[in-house]
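Structure data follow from work_29.pdb (PDB, C-alpha atoms):
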```pdb
ATOM      1  CA  MET A 341       0.000   0.000   0.000
ATOM      2  CA  SER A 342       2.698   2.405   1.080
ATOM      3  CA  GLY A 343       4.807   1.451  -1.952
ATOM      4  CA  SER A 344       2.068   2.220  -4.495
ATOM      5  CA  HIS A 345       1.331   5.486  -2.647
ATOM      6  CA  ASP A 346       4.981   6.506  -3.004
ATOM      7  CA  VAL A 347       4.943   5.616  -6.711
ATOM      8  CA  ASP A 348       1.828   7.788  -7.105
ATOM      9  CA  ILE A 349       3.551  10.757  -5.435
ATOM     10  CA  ASP A 350       6.655  10.157  -7.593
ATOM     11  CA  LYS A 351       4.409  10.484 -10.645
ATOM     12  CA  HIS A 352       3.045  13.761  -9.240
ATOM     13  CA  VAL A 353       6.560  15.086  -8.640
ATOM     14  CA  ARG A 354       7.567  14.338 -12.236
ATOM     15  CA  ILE A 355       4.503  16.277 -13.426
ATOM     16  CA  TYR A 356       5.406  19.230 -11.150
ATOM     17  CA  ILE A 357       8.878  19.415 -12.642
ATOM     18  CA  THR A 358       7.515  19.242 -16.210
ATOM     19  CA  VAL A 359       5.015  22.026 -15.397
ATOM     20  CA  PHE A 360       7.805  24.104 -13.817
ATOM     21  CA  VAL A 361       9.951  23.848 -16.976
ATOM     22  CA  SER A 362       6.924  24.701 -19.153
ATOM     23  CA  LEU A 363       6.169  27.772 -17.008
ATOM     24  CA  MET A 364       9.767  28.968 -17.335
ATOM     25  CA  VAL A 365       9.728  28.543 -21.122
ATOM     26  CA  LEU A 366       6.379  30.334 -21.391
ATOM     27  CA  THR A 367       7.694  33.198 -19.218
ATOM     28  CA  LEU A 368      10.647  33.645 -21.577
ATOM     29  CA  ILE A 369       8.297  33.570 -24.589
ATOM     30  CA  THR A 370       6.099  36.234 -22.908
ATOM     31  CA  VAL A 371       9.100  38.512 -22.414
ATOM     32  CA  ALA A 372      10.439  37.853 -25.938
ATOM     33  CA  VAL A 373       7.053  38.735 -27.465
ATOM     34  CA  GLY A 374       6.970  41.852 -25.255
ATOM     35  CA  TYR A 375      10.241  43.038 -26.791
ATOM     36  CA  LEU A 376       8.743  42.744 -30.306
ATOM     37  CA  HIS A 377       6.574  45.778 -29.412
ATOM     38  CA  LEU A 378       3.568  44.536 -31.379
ATOM     39  CA  PRO A 379       0.522  46.806 -31.884
ATOM     40  CA  VAL A 380      -1.726  46.893 -28.790
ATOM     41  CA  GLY A 381      -4.419  44.498 -30.115
ATOM     42  CA  PRO A 382      -2.173  41.534 -31.044
ATOM     43  CA  ALA A 383       0.099  42.233 -28.036
ATOM     44  CA  VAL A 384      -2.867  41.946 -25.618
ATOM     45  CA  ALA A 385      -4.131  38.795 -27.371
ATOM     46  CA  VAL A 386      -0.739  37.039 -27.259
ATOM     47  CA  ALA A 387       0.043  38.133 -23.682
ATOM     48  CA  LEU A 388      -3.356  36.995 -22.386
ATOM     49  CA  LEU A 389      -3.172  33.716 -24.296
ATOM     50  CA  ILE A 390       0.225  32.827 -22.802
ATOM     51  CA  ALA A 391      -0.828  34.030 -19.330
ATOM     52  CA  SER A 392      -3.983  31.895 -19.554
ATOM     53  CA  ILE A 393      -1.960  28.792 -20.489
ATOM     54  CA  LYS A 394       0.425  29.459 -17.581
ATOM     55  CA  GLY A 395      -2.473  30.113 -15.200
ATOM     56  CA  GLY A 396      -4.176  26.921 -16.386
ATOM     57  CA  LEU A 397      -1.027  24.886 -15.701
ATOM     58  CA  VAL A 398      -0.698  26.316 -12.179
ATOM     59  CA  ALA A 399      -4.399  25.787 -11.399
ATOM     60  CA  CYS A 400      -4.656  22.286 -12.904
ATOM     61  CA  TYR A 401      -1.437  20.770 -11.570
ATOM     62  CA  PHE A 402      -0.070  22.793  -8.626
ATOM     63  CA  MET A 403      -3.559  23.444  -7.243
ATOM     64  CA  HIS A 404      -4.719  19.928  -8.238
ATOM     65  CA  LEU A 405      -7.833  21.231  -9.980
ATOM     66  CA  ILE A 406      -7.491  18.512 -12.594
ATOM     67  CA  SER A 407      -8.530  15.904 -10.030
ATOM     68  CA  GLU A 408     -10.721  17.933  -7.680
ATOM     69  CA  ARG A 409     -14.243  17.291  -6.384
ATOM     70  CA  LYS A 410     -17.291  18.542  -8.300
ATOM     71  CA  LEU A 411     -18.258  21.034  -5.595
ATOM     72  CA  ILE A 412     -15.026  22.989  -6.178
ATOM     73  CA  TYR A 413     -15.823  23.126  -9.913
ATOM     74  CA  TYR A 414     -19.292  24.519  -9.137
ATOM     75  CA  VAL A 415     -17.780  27.206  -6.896
ATOM     76  CA  LEU A 416     -15.242  28.154  -9.539
ATOM     77  CA  PHE A 417     -17.785  28.132 -12.369
ATOM     78  CA  SER A 418     -19.938  30.626 -10.427
ATOM     79  CA  THR A 419     -16.825  32.725  -9.815
ATOM     80  CA  VAL A 420     -15.897  32.748 -13.512
ATOM     81  CA  VAL A 421     -19.420  33.852 -14.501
ATOM     82  CA  LEU A 422     -19.400  36.693 -11.941
ATOM     83  CA  PHE A 423     -15.840  37.629 -12.931
ATOM     84  CA  LEU A 424     -16.902  37.980 -16.590
ATOM     85  CA  VAL A 425     -19.825  40.195 -15.543
ATOM     86  CA  LEU A 426     -17.329  42.298 -13.580
ATOM     87  CA  LEU A 427     -15.118  42.684 -16.656
ATOM     88  CA  LEU A 428     -18.107  43.674 -18.804
ATOM     89  CA  VAL A 429     -19.064  46.553 -16.488
ATOM     90  CA  PRO A 430     -16.265  48.840 -17.773
ATOM     91  CA  LEU A 431     -17.324  48.191 -21.390
ATOM     92  CA  VAL A 432     -20.827  49.480 -20.655
ATOM     93  CA  THR A 433     -19.319  52.505 -18.906
ATOM     94  CA  VAL A 434     -16.924  53.258 -21.759
ATOM     95  CA  HIS A 435     -19.877  53.504 -24.148
ATOM     96  CA  ASP A 436     -21.275  56.224 -21.860
ATOM     97  CA  GLY A 437     -24.058  53.891 -20.797
ATOM     98  CA  THR A 438     -25.721  54.263 -24.201
ATOM     99  CA  TRP A 439     -26.555  50.569 -24.229
ATOM    100  CA  ILE A 440     -28.334  50.960 -20.882
ATOM    101  CA  ASN A 441     -30.033  54.268 -21.826
ATOM    102  CA  ARG A 442     -31.542  52.728 -24.949
ATOM    103  CA  HIS A 443     -33.389  50.244 -22.802
ATOM    104  CA  ILE A 444     -34.733  52.771 -20.294
ATOM    105  CA  PRO A 445     -38.111  54.184 -21.361
TER
ATOM    106  CA  MET B1393     -14.115  20.814  21.691
ATOM    107  CA  GLU B1394     -12.725  19.007  18.667
ATOM    108  CA  ILE B1395     -12.929  20.705  15.265
ATOM    109  CA  PRO B1396     -14.857  18.412  12.906
ATOM    110  CA  TYR B1397     -13.793  17.353   9.401
ATOM    111  CA  THR B1398     -10.179  18.522   9.550
ATOM    112  CA  VAL B1399      -9.013  15.269   7.983
ATOM    113  CA  ALA B1400     -12.071  13.204   7.082
ATOM    114  CA  ALA B1401     -14.252  14.386   4.231
ATOM    115  CA  ARG B1402     -17.817  15.468   4.923
ATOM    116  CA  GLU B1403     -20.402  13.150   3.403
ATOM    117  CA  ASP B1404     -22.315  15.950   1.671
ATOM    118  CA  THR B1405     -19.375  17.859   0.126
ATOM    119  CA  GLY B1406     -16.856  15.038  -0.234
ATOM    120  CA  LEU B1407     -14.235  17.465   1.094
ATOM    121  CA  ASN B1408     -12.757  18.375   4.448
ATOM    122  CA  ASN B1409     -13.794  21.774   5.789
ATOM    123  CA  GLY B1410     -10.380  23.370   5.334
ATOM    124  CA  LYS B1411     -10.352  22.588   1.608
ATOM    125  CA  ILE B1412     -13.812  23.970   0.874
ATOM    126  CA  GLY B1413     -13.044  26.992   3.078
ATOM    127  CA  ILE B1414      -9.859  27.930   1.239
ATOM    128  CA  TRP B1415     -11.520  27.559  -2.179
ATOM    129  CA  LEU B1416     -14.421  29.818  -1.149
ATOM    130  CA  PHE B1417     -11.883  32.343   0.115
ATOM    131  CA  LEU B1418      -9.953  32.143  -3.166
ATOM    132  CA  ALA B1419     -13.209  32.691  -5.078
ATOM    133  CA  SER B1420     -13.686  35.955  -3.146
ATOM    134  CA  GLU B1421     -10.077  36.870  -3.930
ATOM    135  CA  VAL B1422     -10.732  36.381  -7.654
ATOM    136  CA  MET B1423     -13.512  38.966  -7.364
ATOM    137  CA  LEU B1424     -11.239  41.377  -5.455
ATOM    138  CA  PHE B1425      -8.485  41.275  -8.058
ATOM    139  CA  GLY B1426     -11.113  41.056 -10.801
ATOM    140  CA  ALA B1427     -12.549  44.401  -9.687
ATOM    141  CA  LEU B1428      -9.087  45.960  -9.916
ATOM    142  CA  PHE B1429      -8.409  44.419 -13.341
ATOM    143  CA  ALA B1430     -11.759  45.834 -14.478
ATOM    144  CA  THR B1431     -10.627  49.215 -13.120
ATOM    145  CA  TYR B1432      -7.396  48.908 -15.120
ATOM    146  CA  ILE B1433      -9.353  48.189 -18.317
ATOM    147  CA  LEU B1434     -11.702  51.098 -17.609
ATOM    148  CA  LEU B1435      -8.816  53.513 -17.037
ATOM    149  CA  ARG B1436      -6.850  52.324 -20.052
ATOM    150  CA  VAL B1437      -9.721  52.205 -22.558
ATOM    151  CA  GLY B1438     -11.120  55.503 -21.311
ATOM    152  CA  SER B1439      -7.880  57.488 -21.526
ATOM    153  CA  THR B1440      -6.610  59.351 -24.576
ATOM    154  CA  GLU B1441      -2.987  58.500 -23.754
ATOM    155  CA  TRP B1442      -1.605  55.494 -21.925
ATOM    156  CA  PRO B1443       2.093  54.713 -21.524
ATOM    157  CA  HIS B1444       3.558  51.323 -22.426
ATOM    158  CA  GLY B1445       4.585  49.652 -19.174
ATOM    159  CA  TYR B1446       8.042  48.756 -20.515
ATOM    160  CA  THR B1447       8.897  52.455 -21.020
ATOM    161  CA  ILE B1448       8.459  53.189 -17.287
ATOM    162  CA  LEU B1449       8.845  49.899 -15.422
ATOM    163  CA  ASN B1450      11.822  47.589 -15.055
ATOM    164  CA  VAL B1451      11.050  44.498 -17.195
ATOM    165  CA  PRO B1452      14.223  42.477 -16.341
ATOM    166  CA  LEU B1453      13.552  42.874 -12.588
ATOM    167  CA  ALA B1454       9.916  41.859 -13.019
ATOM    168  CA  THR B1455      10.966  38.860 -15.168
ATOM    169  CA  PHE B1456      13.352  37.827 -12.399
ATOM    170  CA  ASN B1457      10.516  38.140  -9.869
ATOM    171  CA  THR B1458       8.239  36.033 -12.078
ATOM    172  CA  ILE B1459      10.871  33.280 -12.110
ATOM    173  CA  VAL B1460      11.243  33.611  -8.314
ATOM    174  CA  LEU B1461       7.505  33.283  -7.708
ATOM    175  CA  ILE B1462       7.075  30.329 -10.090
ATOM    176  CA  SER B1463      10.038  28.604  -8.395
ATOM    177  CA  SER B1464       8.433  29.200  -4.997
ATOM    178  CA  SER B1465       5.235  27.573  -6.251
ATOM    179  CA  VAL B1466       7.219  24.470  -7.175
ATOM    180  CA  THR B1467       8.998  24.320  -3.805
ATOM    181  CA  MET B1468       5.617  24.762  -2.097
ATOM    182  CA  VAL B1469       4.071  21.825  -3.917
ATOM    183  CA  MET B1470       7.231  19.779  -3.277
ATOM    184  CA  ALA B1471       6.890  20.575   0.441
ATOM    185  CA  TRP B1472       3.380  19.113   0.346
ATOM    186  CA  ALA B1473       4.578  16.071  -1.650
ATOM    187  CA  SER B1474       7.296  15.506   1.001
ATOM    188  CA  LEU B1475       4.635  15.395   3.726
ATOM    189  CA  MET B1476       2.584  12.960   1.664
ATOM    190  CA  ARG B1477       5.681  10.719   1.693
ATOM    191  CA  ARG B1478       6.049  11.378   5.442
ATOM    192  CA  ARG B1479       9.495  12.947   4.972
ATOM    193  CA  PHE B1480       9.368  15.785   7.465
ATOM    194  CA  GLY B1481      13.021  16.838   7.021
ATOM    195  CA  THR B1482      12.587  17.308   3.266
ATOM    196  CA  PHE B1483       9.359  19.205   3.902
ATOM    197  CA  ARG B1484      11.236  21.671   6.115
ATOM    198  CA  ILE B1485      13.834  22.323   3.406
ATOM    199  CA  TYR B1486      11.253  22.968   0.681
ATOM    200  CA  GLN B1487       9.039  25.036   2.992
ATOM    201  CA  GLY B1488      12.061  27.080   4.096
ATOM    202  CA  VAL B1489      13.066  27.740   0.480
ATOM    203  CA  THR B1490       9.472  28.806  -0.290
ATOM    204  CA  VAL B1491       9.532  31.403   2.505
ATOM    205  CA  LEU B1492      12.995  32.531   1.401
ATOM    206  CA  LEU B1493      11.871  32.991  -2.216
ATOM    207  CA  GLY B1494       8.917  35.039  -0.963
ATOM    208  CA  GLY B1495      11.479  37.238   0.806
ATOM    209  CA  VAL B1496      13.515  37.600  -2.408
ATOM    210  CA  PHE B1497      10.359  38.676  -4.253
ATOM    211  CA  LEU B1498       9.663  41.356  -1.633
ATOM    212  CA  MET B1499      13.257  42.576  -1.676
ATOM    213  CA  VAL B1500      13.183  43.015  -5.470
ATOM    214  CA  LYS B1501       9.870  44.826  -5.150
ATOM    215  CA  TYR B1502      11.432  47.129  -2.541
ATOM    216  CA  PHE B1503      14.204  48.086  -4.990
ATOM    217  CA  GLU B1504      11.643  48.581  -7.740
ATOM    218  CA  TYR B1505       9.451  50.847  -5.604
ATOM    219  CA  SER B1506      12.494  52.777  -4.355
ATOM    220  CA  ALA B1507      13.584  53.481  -7.942
ATOM    221  CA  LYS B1508      10.108  54.751  -8.795
ATOM    222  CA  PHE B1509      10.016  57.073  -5.770
ATOM    223  CA  HIS B1510      13.542  58.255  -6.598
ATOM    224  CA  HIS B1511      12.303  59.245 -10.070
ATOM    225  CA  GLU B1512       9.359  61.025  -8.437
ATOM    226  CA  LEU B1513       6.852  58.487  -9.707
ATOM    227  CA  PHE B1514       4.111  58.148  -7.102
ATOM    228  CA  PRO B1515       0.521  56.826  -7.130
ATOM    229  CA  ARG B1516      -0.636  60.448  -7.531
ATOM    230  CA  THR B1517       1.581  61.002 -10.621
ATOM    231  CA  ASN B1518      -0.882  59.580 -13.171
ATOM    232  CA  ASN B1519      -3.525  56.869 -13.619
ATOM    233  CA  PHE B1520      -0.969  54.327 -14.824
ATOM    234  CA  MET B1521       1.169  54.718 -11.707
ATOM    235  CA  ALA B1522      -1.962  54.720  -9.511
ATOM    236  CA  ILE B1523      -3.203  51.371 -10.840
ATOM    237  CA  TYR B1524       0.374  49.990 -10.894
ATOM    238  CA  PHE B1525       0.916  50.742  -7.194
ATOM    239  CA  THR B1526      -2.589  49.571  -6.252
ATOM    240  CA  LEU B1527      -2.364  46.220  -8.046
ATOM    241  CA  THR B1528       1.241  45.419  -7.137
ATOM    242  CA  GLY B1529       0.768  46.759  -3.591
ATOM    243  CA  LEU B1530      -2.256  44.547  -2.972
ATOM    244  CA  HIS B1531      -0.417  41.595  -4.490
ATOM    245  CA  MET B1532       2.569  42.313  -2.246
ATOM    246  CA  LEU B1533       0.299  42.252   0.831
ATOM    247  CA  HIS B1534      -0.837  38.797  -0.283
ATOM    248  CA  VAL B1535       2.784  37.671  -0.609
ATOM    249  CA  ILE B1536       3.439  38.900   2.957
ATOM    250  CA  GLY B1537       0.291  37.125   4.217
ATOM    251  CA  GLY B1538       1.303  33.870   2.516
ATOM    252  CA  MET B1539       4.824  34.141   3.906
ATOM    253  CA  VAL B1540       3.519  34.599   7.469
ATOM    254  CA  VAL B1541       1.357  31.454   7.206
ATOM    255  CA  ASN B1542       4.135  29.441   5.528
ATOM    256  CA  ALA B1543       6.653  30.567   8.153
ATOM    257  CA  TYR B1544       4.208  29.594  10.915
ATOM    258  CA  LEU B1545       3.803  26.115   9.416
ATOM    259  CA  LEU B1546       7.573  25.837   9.165
ATOM    260  CA  GLY B1547       8.081  26.956  12.774
ATOM    261  CA  PRO B1548       5.636  26.657  15.698
ATOM    262  CA  GLY B1549       2.783  25.277  13.572
ATOM    263  CA  SER B1550       4.821  22.210  12.621
ATOM    264  CA  LYS B1551       4.335  20.736  16.119
ATOM    265  CA  LEU B1552       1.007  19.428  14.850
ATOM    266  CA  TYR B1553       2.901  16.988  12.601
ATOM    267  CA  LYS B1554       3.920  14.948  15.642
ATOM    268  CA  THR B1555       0.359  14.469  16.894
ATOM    269  CA  ASN B1556      -1.691  14.571  13.689
ATOM    270  CA  PRO B1557       0.388  14.407  10.466
ATOM    271  CA  GLU B1558      -2.653  14.162   8.186
ATOM    272  CA  TRP B1559      -4.209  17.341   9.562
ATOM    273  CA  PHE B1560      -0.862  19.111   9.262
ATOM    274  CA  THR B1561      -0.516  17.933   5.638
ATOM    275  CA  ASN B1562      -3.966  19.351   4.887
ATOM    276  CA  ARG B1563      -2.947  22.678   6.409
ATOM    277  CA  VAL B1564       0.148  22.795   4.207
ATOM    278  CA  GLU B1565      -1.941  21.907   1.165
ATOM    279  CA  ASN B1566      -4.396  24.725   1.936
ATOM    280  CA  SER B1567      -1.694  27.332   2.543
ATOM    281  CA  GLY B1568      -0.131  26.070  -0.699
ATOM    282  CA  LEU B1569      -3.387  26.707  -2.561
ATOM    283  CA  PHE B1570      -3.247  30.332  -1.385
ATOM    284  CA  TRP B1571       0.415  30.616  -2.375
ATOM    285  CA  HIS B1572      -0.271  29.236  -5.877
ATOM    286  CA  PHE B1573      -3.111  31.732  -6.208
ATOM    287  CA  VAL B1574      -0.670  34.548  -5.411
ATOM    288  CA  ASP B1575       1.581  33.169  -8.165
ATOM    289  CA  LEU B1576      -1.399  32.942 -10.529
ATOM    290  CA  VAL B1577      -2.305  36.605  -9.968
ATOM    291  CA  TRP B1578       1.285  37.647 -10.714
ATOM    292  CA  ILE B1579       1.247  35.599 -13.946
ATOM    293  CA  PHE B1580      -1.499  37.951 -15.178
ATOM    294  CA  LEU B1581      -0.159  41.132 -13.538
ATOM    295  CA  PHE B1582       3.279  40.818 -15.122
ATOM    296  CA  PRO B1583       2.314  41.087 -18.832
ATOM    297  CA  THR B1584      -0.611  43.442 -18.114
ATOM    298  CA  LEU B1585       1.451  46.076 -16.312
ATOM    299  CA  TYR B1586       4.995  45.573 -17.605
ATOM    300  CA  LEU B1587       4.732  44.396 -21.201
ATOM    301  CA  LEU B1588       1.637  45.997 -22.745
TER
END
```
Any chance you could give the structure as structure tokens?
Amino acid sequence: MSGSHDVDIDKHVRIYITVFVSLMVLTLITVAVGYLHLPVGPAVAVALLIASIKGGLVACYFMHLISERKLIYYVLFSTVVLFLVLLLVPLVTVHDGTWINRHIP
Amino acid sequence: MEIPYTVAAREDTGLNNGKIGIWLFLASEVMLFGALFATYILLRVGSTEWPHGYTILNVPLATFNTIVLISSSVTMVMAWASLMRRRFGTFRIYQGVTVLLGGVFLMVKYFEYSAKFHHELFPRTNNFMAIYFTLTGLHMLHVIGGMVVNAYLLGPGSKLYKTNPEWFTNRVENSGLFWHFVDLVWIFLFPTLYLL
């Protein structure tokens, strides 16, 4: 029992090291792309794409989300939905609330 | 009175209370940083001029700090893996390195802030500096908070290992979840503030 448990943890450790190397490589790519001084649109898209991959690796493997209970997924799904609403608020504001005003009689 | 479900999972949630507690806390943290990211977008999209972060901020220092924080995430998870293998000595080494790397991050941030103040760049200078200091300052407070908990688990808190190693392992896992979250926030802060 103890032996198979140790083997399981060894497998985890190998994954952690692989994720660590991937995060380092992705960090260097982020910086390299930053030095290209791309126009704002593509620069934001590339930076957010790489950051999302890195964030996904940290969440899935270091935070063990890949093998977590359903309840945690429900909590996080609700958080993501509310987070997106939060990010949309500035967009409405930037358009001077015209979208809202149109719908107010 | 004994605290229930510190090790055993509750039947209804399938999780121990510490685990569900830390995830609910992290969900609230996502909303806190989310509000500030939304503020950043609002300020940037709404302004006629916005400086590129790399023209004002020190990218090599921030890259170094990114590497430091990612490394500390690995040592944190290795500390937990050591406890799962019941190797307390190895745990102490990894946990110690994690706290140390947190200290390195703060030291670099101190030099970075000092340079900004030296060049008369303060939160009141412009919107970019205001959101830069707010986001990185709040993140830094989280690093300090994580370091305090990790140092406690390395020092006096580690006594629990002798009486209840499983409970102690769960505590390290939960403090690790917070520490990884701090790393996760920085992964997004770094390109947003320094590279765009």
Could you list, as a ChimeraX atom specification, the residues of chain B having an atom within 6 Å of chain A when counting all atoms listed in the file? /B:1419,1430,1434,1569,1576,1579-1580,1587
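Minimum distance to Arg1563 (chain B) across B:Val1500, B:Ala1401, B:Glu1394, B:Gly1410 (counting only C-alpha atoms) occurs at B:Gly1410.
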Would you mind reading off the distance between CA of Ile1433 (chain B) and CA of Ala1522 (chain B), one decimal, in Å?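 CA of Ile1433 (chain B) sits 13.2 Å away from CA of Ala1522 (chain B).
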Please, what distance in Å, to one decimal, runs between CA of Phe1483 (chain B) and CA of Ala1471 (chain B)?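 Going from CA of Phe1483 (chain B) over to CA of Ala1471 (chain B) covers 4.5 Å.
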What does the distance from CA of Glu1421 (chain B) to CA of Gly1537 (chain B) come to in Å, to one decimal? 13.2 Å
Nearest to Leu1416 (chain B), chosen from A:Asp348, A:Ala385, A:Tyr414, A:Cys400, with all atoms listed in the file counted in the distances: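 Once distances to Leu1416 (chain B) are computed over all atoms listed in the file, the minimum belongs to A:Tyr414.
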Specify the axis-aligned box that encloses all atoms of region 1435-1448 of chain B listed in the file after padding of 6 Å on each side, stating its centre and edge lengths in Å to one decimal as AutoDock Vina command-line options.
```
--center_x -1.1 --center_y 54.1 --center_z -20.8 --size_x 32.0 --size_y 22.6 --size_z 19.5
```
Please, can region 1533-1546 of chain B be completed to N, CA and C atoms and returned as an mmCIF file, in the coordinates of the input?
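Writing the result to rebuild.cif gives the following:
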```cif
data_model
loop_
_atom_site.group_PDB
_atom_site.id
_atom_site.type_symbol
_atom_site.label_atom_id
_atom_site.label_comp_id
_atom_site.auth_asym_id
_atom_site.auth_seq_id
_atom_site.Cartn_x
_atom_site.Cartn_y
_atom_site.Cartn_z
ATOM 1 N N LEU B 1533 0.918 42.577 -0.476
ATOM 2 C CA LEU B 1533 0.299 42.252 0.831
ATOM 3 C C LEU B 1533 -0.062 40.774 0.901
ATOM 4 N N HIS B 1534 -0.506 40.228 -0.231
ATOM 5 C CA HIS B 1534 -0.837 38.797 -0.283
ATOM 6 C C HIS B 1534 0.426 37.946 -0.138
ATOM 7 N N VAL B 1535 1.513 38.407 -0.742
ATOM 8 C CA VAL B 1535 2.784 37.671 -0.609
ATOM 9 C C VAL B 1535 3.189 37.654 0.873
ATOM 10 N N ILE B 1536 3.075 38.814 1.529
ATOM 11 C CA ILE B 1536 3.439 38.900 2.957
ATOM 12 C C ILE B 1536 2.546 37.965 3.785
ATOM 13 N N GLY B 1537 1.235 37.994 3.502
ATOM 14 C CA GLY B 1537 0.291 37.125 4.217
ATOM 15 C C GLY B 1537 0.642 35.653 4.043
ATOM 16 N N GLY B 1538 0.939 35.262 2.806
ATOM 17 C CA GLY B 1538 1.303 33.870 2.516
ATOM 18 C C GLY B 1538 2.587 33.478 3.216
ATOM 19 N N MET B 1539 3.541 34.421 3.246
ATOM 20 C CA MET B 1539 4.824 34.141 3.906
ATOM 21 C C MET B 1539 4.641 33.913 5.409
ATOM 22 N N VAL B 1540 3.767 34.733 6.020
ATOM 23 C CA VAL B 1540 3.519 34.599 7.469
ATOM 24 C C VAL B 1540 2.958 33.203 7.771
ATOM 25 N N VAL B 1541 1.962 32.776 6.977
ATOM 26 C CA VAL B 1541 1.357 31.454 7.206
ATOM 27 C C VAL B 1541 2.386 30.351 6.956
ATOM 28 N N ASN B 1542 3.128 30.467 5.850
ATOM 29 C CA ASN B 1542 4.135 29.441 5.528
ATOM 30 C C ASN B 1542 5.231 29.375 6.593
ATOM 31 N N ALA B 1543 5.619 30.540 7.105
ATOM 32 C CA ALA B 1543 6.653 30.567 8.153
ATOM 33 C C ALA B 1543 6.113 29.945 9.440
ATOM 34 N N TYR B 1544 4.831 30.199 9.723
ATOM 35 C CA TYR B 1544 4.208 29.594 10.915
ATOM 36 C C TYR B 1544 4.204 28.068 10.794
ATOM 37 N N LEU B 1545 3.851 27.574 9.614
ATOM 38 C CA LEU B 1545 3.803 26.115 9.416
ATOM 39 C C LEU B 1545 5.200 25.494 9.420
ATOM 40 N N LEU B 1546 6.180 26.313 9.108
ATOM 41 C CA LEU B 1546 7.573 25.837 9.165
ATOM 42 C C LEU B 1546 8.079 25.828 10.608
#
```
